[in-house]
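Engineer: See run_36.txt below, with compact mmCIF, C-alpha atoms (C1' of nucleotides).
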# COMPACT_ATOMS: atom_id res chain seq x y z
CA MET A 1 40.98 87.39 189.54
CA ILE A 2 41.25 91.10 190.07
CA ASN A 3 40.03 92.80 193.21
CA LEU A 4 38.92 96.37 193.70
CA GLU A 5 42.14 97.57 195.22
CA GLN A 6 44.12 96.28 192.30
CA LEU A 7 41.59 97.77 189.98
CA ARG A 8 42.00 101.22 191.45
CA LYS A 9 45.74 100.91 191.15
CA ILE A 10 45.53 99.61 187.63
CA TYR A 11 43.42 102.55 186.67
CA LYS A 12 45.60 105.10 188.30
CA PHE A 13 45.97 106.68 184.88
CA GLY A 14 42.24 107.07 184.47
CA ARG A 15 41.53 109.47 187.29
CA ASP A 16 37.84 109.68 186.59
CA ILE A 17 37.01 106.11 185.80
CA GLY A 18 34.46 104.24 187.89
CA VAL A 19 34.91 100.67 189.01
CA LYS A 20 32.06 99.46 186.89
CA ASP A 21 33.47 101.02 183.76
CA ALA A 22 36.89 99.66 184.53
CA TYR A 23 35.39 96.19 184.75
CA THR A 24 33.70 96.69 181.42
CA LEU A 25 37.05 97.40 179.87
CA ILE A 26 38.98 94.69 181.63
CA ALA A 27 36.39 92.08 180.88
CA SER A 28 36.86 92.74 177.18
CA ALA A 29 40.62 93.04 177.28
CA LYS A 30 43.05 90.21 176.91
CA SER A 31 45.43 89.78 179.81
CA VAL A 32 48.85 88.81 178.52
CA SER A 33 52.20 88.15 180.16
CA PHE A 34 55.53 88.71 178.47
CA LYS A 35 58.83 87.28 179.54
CA LYS A 36 61.96 89.37 179.57
CA ARG A 37 62.98 90.12 175.96
CA ASP A 38 59.65 89.12 174.47
CA MET A 39 58.35 91.47 171.82
CA LEU A 40 54.98 93.09 172.29
CA ILE A 41 55.11 94.61 168.82
CA GLU A 42 57.46 93.82 165.95
CA GLU A 43 58.73 96.25 163.37
CA GLY A 44 56.43 96.22 160.36
CA SER A 45 53.36 95.32 162.38
CA GLN A 46 50.12 96.82 161.18
CA LYS A 47 48.06 95.67 164.15
CA ASN A 48 46.30 98.48 165.91
CA GLN A 49 46.69 97.17 169.43
CA ILE A 50 46.61 99.22 172.61
CA PHE A 51 48.42 97.98 175.70
CA TYR A 52 48.11 98.98 179.29
CA ILE A 53 51.11 97.94 181.38
CA ARG A 54 49.99 96.54 184.73
CA LYS A 55 53.49 95.52 185.72
CA GLY A 56 56.90 95.58 184.13
CA LEU A 57 58.72 97.76 181.65
CA VAL A 58 58.65 98.11 177.88
CA ARG A 59 61.33 99.49 175.61
CA GLN A 60 60.45 101.08 172.29
CA PHE A 61 63.33 100.99 169.84
CA CYS A 62 64.17 101.13 166.16
CA ILE A 63 67.11 100.06 164.05
CA ASN A 64 69.01 102.94 162.47
CA ASP A 65 70.77 102.99 159.11
CA LYS A 66 73.94 101.60 160.68
CA GLY A 67 72.02 98.61 161.99
CA GLU A 68 72.20 99.74 165.61
CA GLU A 69 69.31 99.66 168.04
CA VAL A 70 68.18 103.11 169.15
CA THR A 71 65.93 103.21 172.18
CA PHE A 72 63.21 105.77 171.73
CA ALA A 73 61.12 105.36 174.87
CA LEU A 74 60.97 103.47 178.16
CA ILE A 75 57.43 102.78 179.26
CA PRO A 76 56.79 101.49 182.80
CA GLU A 77 53.74 100.16 184.61
CA TYR A 78 50.56 102.26 184.73
CA HIS A 79 51.30 103.63 181.30
CA MET A 80 49.76 102.95 177.93
CA VAL A 81 51.63 101.60 174.94
CA VAL A 82 50.16 103.02 171.78
CA ASN A 83 51.86 102.56 168.49
CA ALA A 84 51.85 106.04 166.99
CA ASP A 85 52.87 104.71 163.58
CA VAL A 86 49.78 102.56 163.26
CA LEU A 87 47.36 104.67 165.28
CA LEU A 88 48.30 108.17 164.12
CA PHE A 89 50.53 107.93 161.09
CA GLU A 90 48.73 105.04 159.43
CA GLN A 91 51.90 103.24 158.46
CA PRO A 92 53.55 99.98 159.52
CA SER A 93 55.40 100.21 162.82
CA ARG A 94 59.00 101.35 162.46
CA PHE A 95 59.56 100.40 166.07
CA TYR A 96 59.90 97.28 168.14
CA TYR A 97 58.35 97.15 171.60
CA GLU A 98 60.25 94.80 173.89
CA ALA A 99 59.63 93.74 177.48
CA LEU A 100 62.72 94.56 179.53
CA GLU A 101 61.26 92.88 182.60
CA PRO A 102 58.60 90.25 183.08
CA THR A 103 55.60 92.29 182.01
CA LYS A 104 51.86 91.95 182.43
CA VAL A 105 49.52 93.91 180.24
CA PHE A 106 45.94 94.33 179.28
CA THR A 107 45.62 94.56 175.55
CA MET A 108 42.85 95.23 173.11
CA GLU A 109 42.38 95.93 169.46
CA ASN A 110 41.85 99.64 169.05
CA GLU A 111 38.68 99.01 167.03
CA LYS A 112 37.22 96.99 169.82
CA LEU A 113 38.18 99.63 172.35
CA GLN A 114 36.51 102.29 170.28
CA SER A 115 33.29 100.32 169.98
CA ILE A 116 33.23 99.66 173.73
CA ILE A 117 33.68 103.36 174.38
CA SER A 118 30.90 104.17 171.95
CA ALA A 119 28.60 101.79 173.82
CA ASN A 120 29.58 103.22 177.23
CA PRO A 121 29.55 107.00 177.02
CA ARG A 122 30.98 107.33 180.51
CA LEU A 123 34.21 105.87 179.19
CA GLU A 124 34.52 108.75 176.79
CA ALA A 125 35.87 110.95 179.57
CA ASN A 126 38.50 108.36 180.23
CA ARG A 127 39.56 108.18 176.65
CA LYS A 128 39.99 111.93 176.71
CA PHE A 129 42.02 111.66 179.88
CA ALA A 130 44.34 109.03 178.40
CA LEU A 131 44.85 110.99 175.19
CA ARG A 132 45.63 114.15 177.13
CA LYS A 133 48.17 112.27 179.19
CA ILE A 134 49.93 111.05 176.06
CA LEU A 135 49.87 114.55 174.63
CA LYS A 136 51.22 116.05 177.84
CA ASP A 137 54.09 113.59 177.90
CA ALA A 138 54.96 114.34 174.30
CA MET A 139 54.83 118.10 174.85
CA TYR A 140 56.91 117.87 177.98
CA ARG A 141 59.50 115.88 176.12
CA VAL A 142 59.67 118.33 173.23
CA GLU A 143 60.23 121.08 175.76
CA SER A 144 63.10 119.33 177.45
CA LEU A 145 64.72 118.55 174.10
CA VAL A 146 64.41 122.08 172.77
CA LEU A 147 65.05 124.15 175.87
CA LEU A 148 67.51 122.09 177.91
CA SER A 149 71.09 121.04 177.31
CA PRO A 150 71.87 117.32 177.43
CA GLU A 151 73.21 117.68 180.96
CA GLU A 152 70.16 119.58 182.20
CA ARG A 153 67.98 117.07 180.40
CA TYR A 154 69.60 114.18 182.23
CA LYS A 155 69.24 115.89 185.59
CA GLN A 156 65.56 116.52 184.91
CA TYR A 157 65.13 112.92 183.81
CA LEU A 158 66.53 111.73 187.14
CA ILE A 159 63.98 113.89 188.94
CA ASP A 160 61.08 112.79 186.77
CA HIS A 161 61.98 109.09 186.66
CA PRO A 162 64.07 108.41 189.76
CA ASP A 163 63.64 104.63 189.58
CA MET A 164 64.33 104.18 185.88
CA VAL A 165 68.07 104.50 186.30
CA ASN A 166 68.05 101.39 188.51
CA ARG A 167 65.95 99.39 186.13
CA VAL A 168 67.60 99.82 182.74
CA PRO A 169 71.11 100.19 181.34
CA ASP A 170 72.32 103.76 181.03
CA LYS A 171 72.74 103.37 177.31
CA TYR A 172 68.97 103.15 176.88
CA ILE A 173 68.49 106.34 178.85
CA ALA A 174 71.17 108.04 176.77
CA ASN A 175 69.23 107.21 173.60
CA VAL A 176 65.99 108.48 175.09
CA LEU A 177 67.73 111.77 175.87
CA GLY A 178 69.05 111.98 172.31
CA ILE A 179 72.73 111.52 173.19
CA THR A 180 75.31 108.73 172.98
CA PRO A 181 76.08 106.38 175.88
CA VAL A 182 79.66 107.65 175.94
CA SER A 183 78.45 111.19 176.27
CA LEU A 184 76.07 110.26 179.09
CA SER A 185 78.94 108.62 180.94
CA ARG A 186 80.88 111.86 180.72
CA ILE A 187 77.90 113.87 181.89
CA ARG A 188 77.55 111.59 184.90
CA LYS A 189 81.21 112.09 185.71
CA ARG A 190 80.87 115.85 185.33
CA ILE A 191 77.92 115.95 187.69
CA LYS A 192 79.74 113.82 190.25
CA ASN A 193 82.79 116.08 190.17
CA HIS A 194 80.87 119.32 190.37
CA HIS A 195 78.98 117.93 193.31
CA LYS A 196 82.20 117.14 195.15
CA SER A 197 83.60 120.67 194.87
CA MET B 1 31.02 137.68 155.45
CA ILE B 2 32.44 134.25 154.85
CA ASN B 3 31.52 132.21 151.80
CA LEU B 4 31.55 128.46 151.39
CA GLU B 5 34.83 128.31 149.55
CA GLN B 6 36.56 130.21 152.30
CA LEU B 7 34.88 128.04 154.82
CA ARG B 8 36.23 124.87 153.27
CA LYS B 9 39.68 126.34 153.20
CA ILE B 10 39.42 127.56 156.75
CA TYR B 11 38.44 124.13 157.87
CA LYS B 12 41.16 122.36 155.96
CA PHE B 13 42.36 121.06 159.31
CA GLY B 14 39.00 119.51 160.10
CA ARG B 15 38.82 116.97 157.34
CA ASP B 16 35.45 115.62 158.40
CA ILE B 17 33.63 118.78 159.32
CA GLY B 18 30.44 119.70 157.49
CA VAL B 19 29.61 123.20 156.38
CA LYS B 20 26.73 123.48 158.81
CA ASP B 21 28.86 122.50 161.76
CA ALA B 22 31.59 124.85 160.67
CA TYR B 23 29.06 127.66 160.66
CA THR B 24 27.94 126.72 164.14
CA LEU B 25 31.49 127.12 165.34
CA ILE B 26 32.29 130.27 163.44
CA ALA B 27 29.08 131.92 164.50
CA SER B 28 30.10 131.51 168.12
CA ALA B 29 33.75 132.40 167.64
CA LYS B 30 35.20 135.85 167.80
CA SER B 31 37.03 136.93 164.68
CA VAL B 32 40.09 138.94 165.64
CA SER B 33 42.88 140.59 163.69
CA PHE B 34 46.36 141.12 165.02
CA LYS B 35 48.92 143.50 163.65
CA LYS B 36 52.52 142.47 163.28
CA ARG B 37 54.10 142.16 166.77
CA ASP B 38 50.77 142.08 168.59
CA MET B 39 50.56 139.50 171.33
CA LEU B 40 47.83 136.89 171.17
CA ILE B 41 48.78 135.57 174.58
CA GLU B 42 51.04 137.09 177.22
CA GLU B 43 53.26 135.24 179.65
CA GLY B 44 51.37 134.59 182.86
CA SER B 45 48.01 134.46 181.17
CA GLN B 46 45.52 132.05 182.66
CA LYS B 47 42.92 132.45 179.95
CA ASN B 48 41.97 129.20 178.32
CA GLN B 49 41.58 130.51 174.81
CA ILE B 50 41.82 128.49 171.62
CA PHE B 51 42.82 130.17 168.38
CA TYR B 52 42.48 129.05 164.82
CA ILE B 53 44.79 130.92 162.46
CA ARG B 54 42.97 131.84 159.26
CA LYS B 55 45.85 133.88 157.93
CA GLY B 56 49.25 134.92 159.18
CA LEU B 57 51.89 133.48 161.43
CA VAL B 58 52.31 133.19 165.19
CA ARG B 59 55.51 132.76 167.14
CA GLN B 60 55.51 131.03 170.53
CA PHE B 61 58.45 132.05 172.68
CA CYS B 62 59.64 132.24 176.25
CA ILE B 63 62.30 134.21 178.08
CA ASN B 64 65.14 132.09 179.41
CA ASP B 65 67.16 132.64 182.58
CA LYS B 66 69.56 134.95 180.71
CA GLY B 67 66.67 137.16 179.67
CA GLU B 68 66.85 136.09 176.02
CA GLU B 69 63.85 135.22 173.88
CA VAL B 70 63.77 131.58 172.84
CA THR B 71 61.37 130.71 170.06
CA PHE B 72 59.64 127.44 170.75
CA ALA B 73 57.22 127.12 167.83
CA LEU B 74 56.16 128.80 164.60
CA ILE B 75 52.48 128.34 163.86
CA PRO B 76 51.13 129.31 160.43
CA GLU B 77 47.66 129.60 158.94
CA TYR B 78 45.28 126.61 159.12
CA HIS B 79 46.76 125.60 162.45
CA MET B 80 45.42 125.83 165.96
CA VAL B 81 47.07 127.75 168.76
CA VAL B 82 46.44 125.99 172.03
CA ASN B 83 48.23 127.02 175.15
CA ALA B 84 49.48 123.74 176.59
CA ASP B 85 50.35 125.37 179.91
CA VAL B 86 46.79 126.44 180.55
CA LEU B 87 44.98 123.66 178.76
CA LEU B 88 47.08 120.65 179.75
CA PHE B 89 49.40 121.62 182.57
CA GLU B 90 46.96 123.84 184.43
CA GLN B 91 49.48 126.56 185.11
CA PRO B 92 49.92 130.15 183.93
CA SER B 93 51.41 130.46 180.48
CA ARG B 94 55.20 130.48 180.45
CA PHE B 95 55.08 131.50 176.81
CA TYR B 96 54.22 134.54 174.75
CA TYR B 97 52.36 134.11 171.47
CA GLU B 98 53.19 136.89 169.04
CA ALA B 99 51.92 137.65 165.55
CA LEU B 100 54.89 137.80 163.19
CA GLU B 101 52.68 138.89 160.30
CA PRO B 102 49.29 140.54 160.12
CA THR B 103 47.21 137.68 161.45
CA LYS B 104 43.51 136.83 161.41
CA VAL B 105 42.15 134.29 163.81
CA PHE B 106 38.98 132.80 165.11
CA THR B 107 39.12 132.54 168.85
CA MET B 108 36.95 131.10 171.54
CA GLU B 109 37.10 130.36 175.22
CA ASN B 110 37.80 126.67 175.62
CA GLU B 111 34.80 126.30 177.95
CA LYS B 112 32.52 127.74 175.35
CA LEU B 113 34.01 125.48 172.69
CA GLN B 114 33.47 122.46 174.88
CA SER B 115 29.85 123.33 175.52
CA ILE B 116 29.22 123.88 171.82
CA ILE B 117 30.73 120.50 171.05
CA SER B 118 28.59 118.88 173.73
CA ALA B 119 25.51 120.41 172.14
CA ASN B 120 26.54 119.32 168.64
CA PRO B 121 27.71 115.72 168.77
CA ARG B 122 28.82 115.78 165.15
CA LEU B 123 31.55 118.20 166.19
CA GLU B 124 32.99 115.61 168.50
CA ALA B 125 34.68 113.89 165.56
CA ASN B 126 36.29 117.16 164.69
CA ARG B 127 37.58 117.71 168.17
CA LYS B 128 39.18 114.31 168.01
CA PHE B 129 40.68 115.13 164.65
CA ALA B 130 42.19 118.37 165.93
CA LEU B 131 43.60 116.74 169.04
CA ARG B 132 45.14 113.94 167.01
CA LYS B 133 46.75 116.48 164.72
CA ILE B 134 48.34 118.25 167.67
CA LEU B 135 49.52 114.92 169.05
CA LYS B 136 50.94 113.87 165.70
CA ASP B 137 52.88 117.09 165.39
CA ALA B 138 54.30 116.72 168.88
CA MET B 139 55.29 113.09 168.30
CA TYR B 140 56.88 113.90 164.98
CA ARG B 141 58.89 116.63 166.60
CA VAL B 142 60.11 114.39 169.41
CA GLU B 143 61.24 111.92 166.80
CA SER B 144 63.24 114.44 164.85
CA LEU B 145 64.86 115.75 168.03
CA VAL B 146 65.82 112.32 169.34
CA LEU B 147 66.75 110.50 166.16
CA LEU B 148 68.22 113.17 163.90
CA SER B 149 71.34 115.31 164.14
CA PRO B 150 70.87 119.08 164.00
CA GLU B 151 71.91 119.09 160.36
CA GLU B 152 69.50 116.31 159.41
CA ARG B 153 66.83 118.05 161.45
CA TYR B 154 67.27 121.27 159.51
CA LYS B 155 67.13 119.46 156.18
CA GLN B 156 63.92 117.74 157.23
CA TYR B 157 62.50 121.04 158.42
CA LEU B 158 63.11 122.53 154.98
CA ILE B 159 61.21 119.67 153.42
CA ASP B 160 58.34 119.85 155.90
CA HIS B 161 58.03 123.65 155.96
CA PRO B 162 59.47 124.88 152.67
CA ASP B 163 57.91 128.33 152.95
CA MET B 164 58.79 129.03 156.58
CA VAL B 165 62.37 129.89 155.77
CA ASN B 166 61.17 132.79 153.63
CA ARG B 167 58.78 134.10 156.23
CA VAL B 168 60.82 134.25 159.43
CA PRO B 169 64.40 135.02 160.45
CA ASP B 170 66.68 132.01 160.61
CA LYS B 171 67.33 132.59 164.27
CA TYR B 172 63.75 131.63 165.07
CA ILE B 173 64.09 128.41 163.11
CA ALA B 174 67.36 127.68 164.89
CA ASN B 175 65.60 127.92 168.26
CA VAL B 176 62.78 125.67 167.08
CA LEU B 177 65.37 123.08 166.07
CA GLY B 178 67.04 123.35 169.47
CA ILE B 179 70.29 124.92 168.24
CA THR B 180 71.85 128.39 168.23
CA PRO B 181 71.57 130.79 165.30
CA VAL B 182 75.35 130.70 164.88
CA SER B 183 75.28 126.95 164.61
CA LEU B 184 72.47 127.05 162.07
CA SER B 185 74.45 129.47 159.97
CA ARG B 186 77.35 127.03 159.93
CA ILE B 187 75.06 124.16 159.03
CA ARG B 188 73.71 126.17 156.12
CA LYS B 189 77.23 126.83 154.94
CA ARG B 190 78.14 123.17 155.26
CA ILE B 191 75.13 122.10 153.23
CA LYS B 192 75.90 124.65 150.52
CA ASN B 193 79.51 123.46 150.25
CA HIS B 194 78.69 119.78 150.21
CA HIS B 195 76.18 120.45 147.50
CA LYS B 196 78.78 122.14 145.36
CA SER B 197 81.22 119.21 145.40
C1' DG C 1 67.38 156.00 148.30
C1' DC C 2 69.47 156.74 152.82
C1' DC C 3 69.96 155.63 157.43
C1' DA C 4 69.33 152.91 161.46
C1' DA C 5 68.28 148.56 163.25
C1' DA C 6 68.11 143.77 162.88
C1' DA C 7 69.87 139.61 161.18
C1' DA C 8 73.34 136.63 159.24
C1' DT C 9 77.86 135.44 158.73
C1' DT C 10 82.44 134.90 160.15
C1' DA C 11 86.25 134.54 163.42
C1' DA C 12 88.45 132.78 167.51
C1' DC C 13 88.36 130.16 171.30
C1' DA C 14 86.41 126.95 174.82
C1' DA C 15 83.43 123.27 175.82
C1' DA C 16 80.93 119.48 174.60
C1' DA C 17 79.74 115.65 171.73
C1' DG C 18 80.52 111.92 168.28
C1' DA C 19 83.36 107.92 166.85
C1' DT C 20 86.26 104.21 167.76
C1' DA C 21 88.86 101.39 170.53
C1' DA C 22 90.78 99.75 174.80
C1' DT C 23 90.00 98.74 179.51
C1' DA C 24 87.41 98.13 183.68
C1' DA C 25 83.29 96.91 186.01
C1' DA C 26 79.00 94.63 186.29
C1' DA C 27 75.65 91.30 185.25
C1' DC C 28 74.38 86.98 183.63
C1' DT C 29 74.88 82.01 183.04
C1' DA C 30 76.44 77.45 183.19
C1' DT D 1 82.08 80.43 191.61
C1' DA D 2 84.29 80.79 187.25
C1' DG D 3 83.90 82.31 182.93
C1' DT D 4 81.46 84.75 179.40
C1' DT D 5 78.94 88.50 177.89
C1' DT D 6 77.23 92.94 178.43
C1' DT D 7 77.68 97.47 180.00
C1' DA D 8 80.21 101.47 181.68
C1' DT D 9 84.17 104.09 181.77
C1' DT D 10 88.18 106.02 179.97
C1' DA D 11 91.34 107.51 176.35
C1' DT D 12 92.30 109.60 171.93
C1' DC D 13 91.08 112.09 168.25
C1' DT D 14 87.82 114.55 165.20
C1' DT D 15 83.81 117.10 164.59
C1' DT D 16 80.39 119.94 166.09
C1' DT D 17 78.41 123.20 169.03
C1' DG D 18 78.32 127.12 172.29
C1' DT D 19 79.91 131.75 173.37
C1' DT D 20 81.27 136.25 172.43
C1' DA D 21 82.39 139.72 169.49
C1' DA D 22 83.39 141.78 165.07
C1' DT D 23 81.89 142.32 160.42
C1' DT D 24 78.95 141.99 156.64
C1' DT D 25 74.41 141.73 154.76
C1' DT D 26 69.64 142.47 154.83
C1' DT D 27 65.58 144.68 156.25
C1' DG D 28 62.47 148.23 157.37
C1' DG D 29 61.21 152.95 158.20
C1' DC D 30 61.45 157.67 156.95
Could the structure of this file be written out as structure tokens, please?
Structural biologist:
Amino acid sequence: MINLEQLRKIYKFGRDIGVKDAYTLIASAKSVSFKKRDMLIEEGSQKNQIFYIRKGLVRQFCINDKGEEVTFALIPEYHMVVNADVLLFEQPSRFYYEALEPTKVFTMENEKLQSIISANPRLEANRKFALRKILKDAMYRVESLVLLSPEERYKQYLIDHPDMVNRVPDKYIANVLGITPVSLSRIRKRIKNHHKS
Amino acid sequence: MINLEQLRKIYKFGRDIGVKDAYTLIASAKSVSFKKRDMLIEEGSQKNQIFYIRKGLVRQFCINDKGEEVTFALIPEYHMVVNADVLLFEQPSRFYYEALEPTKVFTMENEKLQSIISANPRLEANRKFALRKILKDAMYRVESLVLLSPEERYKQYLIDHPDMVNRVPDKYIANVLGITPVSLSRIRKRIKNHHKS
DNA sequence: GCCAAAAATTAACAAAAGATAATAAAACTA
DNA sequence: TAGTTTTATTATCTTTTGTTAATTTTTGGC
């Protein structure tokens, strides 16, 4: 059972949502737990599912032409997992979504979510809020990739996600920043040395 | 005066919009023309204006710490200009928006746009459509920056924006791709040579 | 068409990044 | 805890990029 305190925390992302509306959503959502290394979404999936991470950490990755895994995003608790391929690009998912930690989510078919929102106009504001958050994150990331050097990008990442570095291997973070693990290791060394002097 | 054919073309971006609704919007929008090098938005602006480019080309750029202009985006006709700083990040614009060609836009205060949409529920679908387009573009760009090398990124850019290369200096495109103009020149040379062999 | 300004290319060098492999450190498991 | 596996670091070498400046090419205005 979920109490009000938890509810408020869960809906941290939805600044404007009321408790009643949150209940409406949660009541219709499936609550699912994933063990470490379980897949939330497989490559090729066409299912239009939306996840909300209550607890845990999800890694979005694809397999490149050399057969290597490339981590594209690290998505922690209080964030949404939306599959852009299915939701926006109307194509099968090119990405896997894997739980890196024991992970608890609420999940719902997008169609169902949309019909619930239609039936509860107050939720519309929340949908807008969630979409804006996703857009903000994407914009912010474009900015850091275009305007910052890899080293600056890593420093900013540490500021923006201070806990992430303790939760996942560096090689995942390297991929997210668009560089190789070897290069990240060198950047870390460089920063350490500059700091000493 | 604007005829129906023009209207359909203008609203290319709004797949689902009806002619009546388009008129509602256009009737309330200001139609503005910019000469080459005019600024649509200045750095520091707090105005929450939305632009729709009917014709022309807009360059979004900022000034970096060395005082150099860095082009962040190139926005051609049939696209929206939204100032993410004001609209999403609630801060003064860090960017300039400059017309690179004689440019005609429709423009409206975001508040006004929102109230018109509230009063015309059919427009809601169009708002969603426009927002999704912006999100798609941002996501696509993140992907190309994270997963592709600069050379691959340039090749993809040529495919996605085949006309852009004839409309703007290469140095702007280099910035958009997150590389220096010198580096882009070398990439172009490399591609030309590989193609020959 | 000529001239001035802007842009693109090239050169030369330094710095950083990619690739691959070897080694060291850490994390996981039996 | 010992042993295995994974991850991080380091080394070596190649490639690419950044930086700065010189040179060539292109563009735009008169």
Engineer: Atom CA of B:Glu77 to atom CA of B:Lys128: how many Å, to one decimal?
Structural biologist: 19.7 Å
Engineer: For chain A against chain C, which residues fall within 10 Å using all atoms listed in the file, given as a list in words?
Structural biologist: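 Result: Pro150, Ile179, Thr180, Val182, Ser183, Leu184, Arg186 and Ile187 of chain A.
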Engineer: With only C-alpha atoms considered, list every residue of chain B at most 7 Å from chain A, as a list of chain:residue names.
Structural biologist: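 That gives the following set of residues: B:Leu88, B:Leu135, B:Lys136, B:Ala138, B:Met139, B:Arg141, B:Val142, B:Leu145, B:Val146, B:Leu147, B:Val176, B:Leu177, B:Gly178.
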Engineer: Between D:DA22, D:DC30, D:DA2, D:DA8, which residue has the minimum interatomic distance to chain A, considering all atoms listed in the file?
Structural biologist: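 When distances to chain A are compared using all atoms listed in the file, the smallest one comes from D:DA8.
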Engineer: What are the nearest atom pairs, with distances in Å to one decimal, for all residues of chain D that come at most 10 Å from chain B, using all atoms listed in the file, set out by chain and rising residue number as a Markdown table?
Structural biologist:
| residue | atom | partner | partner_atom | distance |
| --- | --- | --- | --- | --- |
| D:DT16 | C1' | B:Ser183 | CA | 8.8 |
| D:DT17 | C1' | B:Ser183 | CA | 6.6 |
| D:DG18 | C1' | B:Thr180 | CA | 7.7 |
| D:DT19 | C1' | B:Val182 | CA | 9.7 |
Engineer: Quick one, how far is atom CA of B:Glu152 from atom CA of A:Tyr96?
Structural biologist: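 Value for the atom CA of B:Glu152-atom CA of A:Tyr96 distance: 23.0 Å.
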Engineer: Report the distance between atom CA of A:Glu111 and atom CA of A:Ser28 in Å, rounded to one decimal place.
Structural biologist: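 These atoms are spaced 12.1 Å apart.
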Engineer: What lies within 8 Å of B:Asn110 using all atoms listed in the file, ignoring chain neighbours under 4 positions off, as a short mmCIF file (atom, residue, chain, number, x, y, z; two decimals) with C-alpha atoms, in the frame of the given file?
Structural biologist:
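Okay, around01.cif is ready:
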data_model
loop_
_atom_site.label_atom_id
_atom_site.label_comp_id
_atom_site.auth_asym_id
_atom_site.auth_seq_id
_atom_site.Cartn_x
_atom_site.Cartn_y
_atom_site.Cartn_z
CA ASN B 48 41.97 129.20 178.32
CA GLN B 49 41.58 130.51 174.81
CA ILE B 50 41.82 128.49 171.62
CA GLN B 114 33.47 122.46 174.88
#
Engineer: Would you pick out the contacts of A:Arg37 at 10 Å or less, using all atoms listed in the file, so that residues sharing its chain but fewer than 3 positions from it are not included, and give the list as number ranges by chain?
Structural biologist: A: 34, 40, 58-59, 97-103
Engineer: Nearest residue to A:Ile191 out of A:Lys66, A:Tyr154, A:Ala130, A:Ala119, using all atoms listed in the file?
Structural biologist: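 Among A:Lys66, A:Tyr154, A:Ala130, A:Ala119, it is A:Tyr154 that comes nearest to A:Ile191.
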Engineer: Would you mind putting all heavy atoms back on stretch 161-165 of chain A and writing the result as a PDB file, in the frame of the given file?
Structural biologist:
ATOM      1  N   HIS A 161      62.056 110.553 186.688  1.00  0.00           N
ATOM      2  CA  HIS A 161      61.980 109.090 186.660  1.00  0.00           C
ATOM      3  C   HIS A 161      63.067 108.518 187.569  1.00  0.00           C
ATOM      4  O   HIS A 161      63.982 107.842 187.086  1.00  0.00           O
ATOM      5  CB  HIS A 161      62.171 108.576 185.238  1.00  0.00           C
ATOM      6  CG  HIS A 161      61.328 109.260 184.221  1.00  0.00           C
ATOM      7  ND1 HIS A 161      60.020 108.892 183.982  1.00  0.00           N
ATOM      8  CD2 HIS A 161      61.573 110.297 183.391  1.00  0.00           C
ATOM      9  CE1 HIS A 161      59.510 109.674 183.043  1.00  0.00           C
ATOM     10  NE2 HIS A 161      60.438 110.533 182.661  1.00  0.00           N
ATOM     11  N   PRO A 162      62.960 108.763 188.858  1.00  0.00           N
ATOM     12  CA  PRO A 162      64.070 108.410 189.760  1.00  0.00           C
ATOM     13  C   PRO A 162      64.369 106.912 189.800  1.00  0.00           C
ATOM     14  O   PRO A 162      65.491 106.522 190.088  1.00  0.00           O
ATOM     15  CB  PRO A 162      63.587 108.916 191.119  1.00  0.00           C
ATOM     16  CG  PRO A 162      62.114 109.069 190.989  1.00  0.00           C
ATOM     17  CD  PRO A 162      61.837 109.379 189.558  1.00  0.00           C
ATOM     18  N   ASP A 163      63.394 106.069 189.494  1.00  0.00           N
ATOM     19  CA  ASP A 163      63.640 104.630 189.580  1.00  0.00           C
ATOM     20  C   ASP A 163      64.230 104.061 188.291  1.00  0.00           C
ATOM     21  O   ASP A 163      64.885 103.033 188.304  1.00  0.00           O
ATOM     22  CB  ASP A 163      62.338 103.908 189.915  1.00  0.00           C
ATOM     23  CG  ASP A 163      61.280 104.139 188.847  1.00  0.00           C
ATOM     24  OD1 ASP A 163      61.241 105.268 188.285  1.00  0.00           O
ATOM     25  OD2 ASP A 163      60.511 103.217 188.542  1.00  0.00           O
ATOM     26  N   MET A 164      63.985 104.763 187.180  1.00  0.00           N
ATOM     27  CA  MET A 164      64.330 104.180 185.880  1.00  0.00           C
ATOM     28  C   MET A 164      65.803 103.832 185.777  1.00  0.00           C
ATOM     29  O   MET A 164      66.190 102.820 185.192  1.00  0.00           O
ATOM     30  CB  MET A 164      63.945 105.171 184.769  1.00  0.00           C
ATOM     31  CG  MET A 164      63.847 104.553 183.394  1.00  0.00           C
ATOM     32  SD  MET A 164      62.599 103.242 183.296  1.00  0.00           S
ATOM     33  CE  MET A 164      61.110 104.220 183.150  1.00  0.00           C
ATOM     34  N   VAL A 165      66.632 104.668 186.388  1.00  0.00           N
ATOM     35  CA  VAL A 165      68.070 104.500 186.300  1.00  0.00           C
ATOM     36  C   VAL A 165      68.528 103.196 186.963  1.00  0.00           C
ATOM     37  O   VAL A 165      69.582 102.649 186.618  1.00  0.00           O
ATOM     38  CB  VAL A 165      68.762 105.739 186.919  1.00  0.00           C
ATOM     39  CG1 VAL A 165      68.846 105.636 188.410  1.00  0.00           C
ATOM     40  CG2 VAL A 165      70.093 106.004 186.275  1.00  0.00           C
TER      41      VAL A 165
END
